[in-house]
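So the structure is just underneath, and the comments pick up after that.
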Amino acid sequence: MSRLLSSRNALLVLISAVIWIAFAAVQPSILSATSLRSMVVLAVEVGVIALGQTFVIISGGGGIDLSVGSIFALSSVTAGLLMTHGVAWPLAALTALLAGLGMGALNGVVIVALRIPPLMTTLATLFGYSGVALILSGGVDISGFPKGFFAIGQSRLLEIPVQFLLIYLPILLILLFVERASYFGRALYLSGTNETAARLSGIEVGKIRFLVYALSGLLSGVAGIVNASRLTVARPDAGGSANLVSITIAVLGGANIFGGEGSVVGTALASLAIGSVTYGLSYVNANPVFEGGIVGGILIFSVLAQGLLGRLQRARA
Amino acid sequence: MAFIELRGVSKQFGGVRALRGVDVAFEQGRVHALLGENGAGKSTLIKTLAGAVQPDSGEITIAGQRAQLSPRSSKQLGIAVVYQEPMIYPHLSVLENIFMGQELVSPGGFLRRGEMATRATPTLTRLGLDPSILEQPMGALSIGYQQLVLIVQALIQGARALIFDEPTSILSKEETDRLLGILRGLRESGHAVIYITHRIEEVYQIADEVTVLTDGAVVGHFPIAEIGSEQLLALMSGASKRDYQKRSSQGRVTGAPILAAEHLCVPPYAQDLSWQIYAGELTCVYGLVGSGRSESFQAVFGHLRPASGRILLGGQPVAPRSPAHAIRLGIGYLPEDRKLQGIFADKNLEFNQTASVLRAFLQWLGKLDLRGLVRATDQGMREYGVKAKHPGVQIALLSGGNQQKILFTRWAKSKLKVLILDEPTRGIDVGTKAEIHEFIRRLVDSGVGVVVITSDLEEALQIGDRILVMRKGRIVEDLRGEALNPETILSAAIGARS
């Protein structure tokens with residue numbers, strides 16, 4: 001299994017490289033540190049959401065979180081409103097994070113305690129949370145934030161965007177630890193692989209699932225704050241594309257939609273590939289309508305390639 | 001000439017011989033009962049006739065023609081099976097269920113419902129069903145009526161031989177009488193009726209002849225008038241009559257029970273159960289499928305919720321809320337369905353073996369001692385002789401016996417007061433079975449209270465110091481030492497009065 005996953009990771013790196021080479025052939029100036037930075041800034045926000053989505057999908061039981069984009073929007077609106085009403089930006093950001101956590105926890109409670117399928121629950125909260133965001137903001141963008149707040153999404157450290165260095169990377173490393181070395185990670189994979197067997201082995205599947213939805217909400221909140229800081233505006237209608245893109249990234253990164261399989265490293269590499277396509281297309285001024293098709297093509301290609309790799313490996317075994 | 005004839009049919013699954021050189025003939029216009037306890041090979045025989053299982057050797061002739069049966073050809077040759085749990089499409093109408101896959105269609109591709117109804121009506125009336133039933137959804141009917149609809153379906157599709165797999169086990173008294181009446185009607189109309197059951201009294205009500213299967217082999221075939229019920233019972237339990245080293249457990253059992261149930265009710269599976277389990281004694285729980293064995297112990301393990309009654313662990317009342325809680329209390333449960341409830345198929349041996357003891361490897365901040373886990377797995381594999389290269393191998397690649405050893409180790413390595421093993425040797429080869437029996441014995445000797453739930457009478461007699469017999473959700477016998485006798489146990493389990 002680990003060999004299969006690592007070969008998928010290698011494939012994702014290869015895909016990213018091919019994407020960059022292809023764009024460089026059209027527009028050689030794309031190969032620059034500035035481009036790389038811009039791409040990273042673009043990829044980080046949905047990338048953080050995709051990490052949470054990955055755990056949700058691994059947890060099984062039809063695990064999926066369609067409400068991430070709405071949590072993203074409502075969190076950033078929360079931060080924006082607090083700041084425009086004179087709350088200090090760190091406190092506003094913290095409150096927005098807690099709001100994200102709370103929205104995720106609500107998803108988790110409904111799914112685990114009321115046993116409503118994740119698809120239904122998060123479809124409902126997709127509309128619910130974004131409705132609240134529209135009401136709170138009166139449907140208009142919120143701006144006029146204190147300068148300090150922009151540090152989150154607009155500054156660099158050692159020439160690297162801080163949202164990558166100080167937010168995305170630490171989160172990735174913590175989740176990697178959780179995934180590979182913690183009780184929670186082990187219980188997560190077991191719950192997703194065979195729910196009944198996990199329960200009969202004494203694993204509290206409900207608790208695990210509740211926690212992954214709460215985490216997904218928290219990370220969506222993180223992304224919402226970074227986004228508001230980068231664009232200097234909190235948009236109640238933002239994040240709509242994050243729902244499906246985060247799922248696409250997680251699946252491209254190796255998450256099995258039936259649960260029990262996936263990894264945050266795979267998801268991070270998939271974020272790189274998708275981010276590269278998105279950035280490259282805008283760089284060469286291509287019609288953005290191609291983006292969806294290319295992303296879909298990569299997804300299909302990677303699934304086919306993985307099937308082929310798996311069969312080759314089984315044949316060798 | 002017999003309609004269906006089997007000569008020397010054998011079938012092996014892995015290391016298990018399900019059928020051994022079975023010779024049997026089924027004639028038209030006769031009701032032929034197949035009698036045998038759990039695991040005697042009845043199901044495999046039916047599946048062979050239905051074309052779902054291909055025999056390893058032997059030959060089958062249908063109406064004088066040698067046949068290679070597939071599910072399709074079996075149907076075409078006029079063999080129909082009415083399974084224990086009817087296979088239906090609950091949301092479709094009775095009419096649609098009857099003609100499923102054989103719909104009458106007009107040239108334009110439209111269903112000809114009227115014509116289908118006309119075709120079905122005479123058969124319905126013949127079985128005493130009102131034609132208005134055709135428009136009802138299948139799921140709205142009771143199981144008894146669903147069975148009748150399936151008989152109608154078989155007859156309309158031209159079945160000449162109908163196989164009934166323990167059809168009355170889920171029916172009420174009235175439904176049973178009605179069904180037996182219908183079977184007599186089928187006999188009159190010249191159908192071959194094959195009736196599988198473990199209820200001896202029904203054999204005398206309905207059958208013309210009876211074949212007894214034990215351990216996959218035919219041990220007797222008689223016209224019904226020539227065999228008494230005591231003889232049938234003796235034949236069914238025949239394989240269990242070999243010599244067993246009778247272990248006298250009385251000396252070993254000391255003190256208070258380690259686990260006890262008082263008037264435990266787990267509706268609808270089990271009622272008013274009271275028993276005591278002692279450490280140092282191997283208790284087997286024997287009963288037919290559906291007797292509530294697994295469910296009553298799943299309640300002890302916190303997987304099901306008892307409606308009333310008490311569970312005492314070491315004399316203290318406990319109420320396990322979940323398996324996790326039960327494990328913390330010191331109760332373990334190895335589930336019966338290895339694939340669905342036991343293994344994590346695409347995960348490695350380490351994941352599989354340590355699933356229930358992970359908390360023992362916790363370090364700081366929820367971190368697991370990863371090296372410790374691998375070491376423990378490696379040690380467990382050696383101790384219990386698991387044939388696999390290393391703990392990183394995917395469990396699905398192992399044989400059933402080795403998978404079961406991993407699952408056994410999962411529990412044997414937990415610190416438990418009581419371990420419940422549900423069918424610990426089902427479907428595994430003879431060699432591994434003996435090894436697992438040896439491991440279980442070691443566990444018992446180490447002072448763990450061990451319960452083995454089994455539907456294999458031979459196994460219960462072979463390893464049990466004591467046998468609890470369950471029937472229809474109740475304890476009907478509690479036997480130790482000299483009283484362990486296959487005929488007593490079997491007749492208690494199937495409810496025969498002898």
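Letters for chains follow the order of the structure tokens (A, B, ...), residue numbers begin at 1 for each chain, and ligand numbers begin at 1 in the order shown.
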Which residues of chain B come within 7 Å of chain A, and for each one, what is the closest pair of atoms and their distance in Å to one decimal, counting only C-alpha atoms, sorted by chain and residue number, as CSV?
residue,atom,partner,partner_atom,distance
B:Pro323,CA,A:Gly202,CA,5.1
B:Ala324,CA,A:Gly202,CA,3.7
B:Ile327,CA,A:Gly202,CA,6.4
B:Gln341,CA,A:Ala197,CA,4.4
B:Gly342,CA,A:Ala197,CA,4.9
B:Ile343,CA,A:Ala197,CA,6.5
B:Phe344,CA,A:Asn194,CA,5.8
B:Ala355,CA,A:Ser201,CA,6.0
B:Ser356,CA,A:Ser201,CA,4.6
B:Leu358,CA,A:Tyr183,CA,6.9
B:Gly366,CA,A:Ser182,CA,5.4
B:Lys367,CA,A:Ser182,CA,4.2
B:Leu368,CA,A:Ser182,CA,5.1
B:Leu370,CA,A:Ala181,CA,6.8
Practice problem: Please identify all polymer residues within 9 Å of stretch 159-163 of chain A, counting only C-alpha atoms, omitting same-chain residues fewer than 5 positions from it, and present them as JSON, numbers by chain. | Solution: {"A": [37, 38, 40, 41, 44, 45, 151, 152, 153, 154, 168, 169, 226]}
Would you save the residues from that selection as an mmCIF file, in the first residue's frame, using N, CA and C atoms?
data_model
loop_
_atom_site.group_PDB
_atom_site.id
_atom_site.type_symbol
_atom_site.label_atom_id
_atom_site.label_comp_id
_atom_site.auth_asym_id
_atom_site.auth_seq_id
_atom_site.Cartn_x
_atom_site.Cartn_y
_atom_site.Cartn_z
ATOM 1 N N ARG A 37 5.844 31.978 -6.260
ATOM 2 C CA ARG A 37 5.203 32.580 -5.087
ATOM 3 C C ARG A 37 3.717 32.810 -5.339
ATOM 4 N N SER A 38 3.403 33.366 -6.484
ATOM 5 C CA SER A 38 1.998 33.663 -6.773
ATOM 6 C C SER A 38 1.173 32.378 -6.799
ATOM 7 N N VAL A 40 1.806 29.605 -5.197
ATOM 8 C CA VAL A 40 1.665 29.103 -3.829
ATOM 9 C C VAL A 40 0.566 29.860 -3.094
ATOM 10 N N VAL A 41 0.576 31.187 -3.235
ATOM 11 C CA VAL A 41 -0.434 32.007 -2.570
ATOM 12 C C VAL A 41 -1.833 31.585 -3.016
ATOM 13 N N VAL A 44 -2.648 27.883 -1.550
ATOM 14 C CA VAL A 44 -2.672 27.635 -0.111
ATOM 15 C C VAL A 44 -4.093 27.600 0.450
ATOM 16 N N GLU A 45 -4.937 28.529 -0.001
ATOM 17 C CA GLU A 45 -6.244 28.639 0.646
ATOM 18 C C GLU A 45 -7.092 27.387 0.449
ATOM 19 N N ALA A 151 -1.043 41.394 7.288
ATOM 20 C CA ALA A 151 0.200 40.627 7.396
ATOM 21 C C ALA A 151 -0.026 39.141 7.119
ATOM 22 N N ILE A 152 -1.205 38.656 7.470
ATOM 23 C CA ILE A 152 -1.472 37.223 7.331
ATOM 24 C C ILE A 152 -1.384 36.778 5.877
ATOM 25 N N GLY A 153 -1.959 37.550 4.978
ATOM 26 C CA GLY A 153 -2.077 37.093 3.599
ATOM 27 C C GLY A 153 -1.224 37.848 2.603
ATOM 28 N N GLN A 154 -0.429 38.834 3.064
ATOM 29 C CA GLN A 154 0.292 39.647 2.083
ATOM 30 C C GLN A 154 1.785 39.796 2.349
ATOM 31 N N TYR A 168 0.270 27.162 6.353
ATOM 32 C CA TYR A 168 0.040 25.902 5.644
ATOM 33 C C TYR A 168 1.024 24.808 6.073
ATOM 34 N N LEU A 169 2.304 25.155 6.046
ATOM 35 C CA LEU A 169 3.319 24.141 6.327
ATOM 36 C C LEU A 169 3.198 23.557 7.740
ATOM 37 N N VAL A 226 -7.295 33.885 5.810
ATOM 38 C CA VAL A 226 -6.176 34.169 4.905
ATOM 39 C C VAL A 226 -6.688 34.893 3.661
#
Self-check item: Residue nearest B:Thr454 - candidates B:Arg480, B:Arg178, B:Arg328, B:Arg293, atoms counted: only C-alpha atoms
Solution: B:Arg293
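In this structure, atom CA of B:Phe164 sits 12.9 Å away from atom CA of B:Gly144.
Here atom CA of A:Ala273 is placed at a distance of 25.1 Å from atom CA of A:Gly60.
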Self-check item: Backbone-only DSSP, alpha helix (DSSP H) members of stretch 117-176 of chain B, as a ChimeraX atom specification
Solution: /B:117-126,143-156,173-176
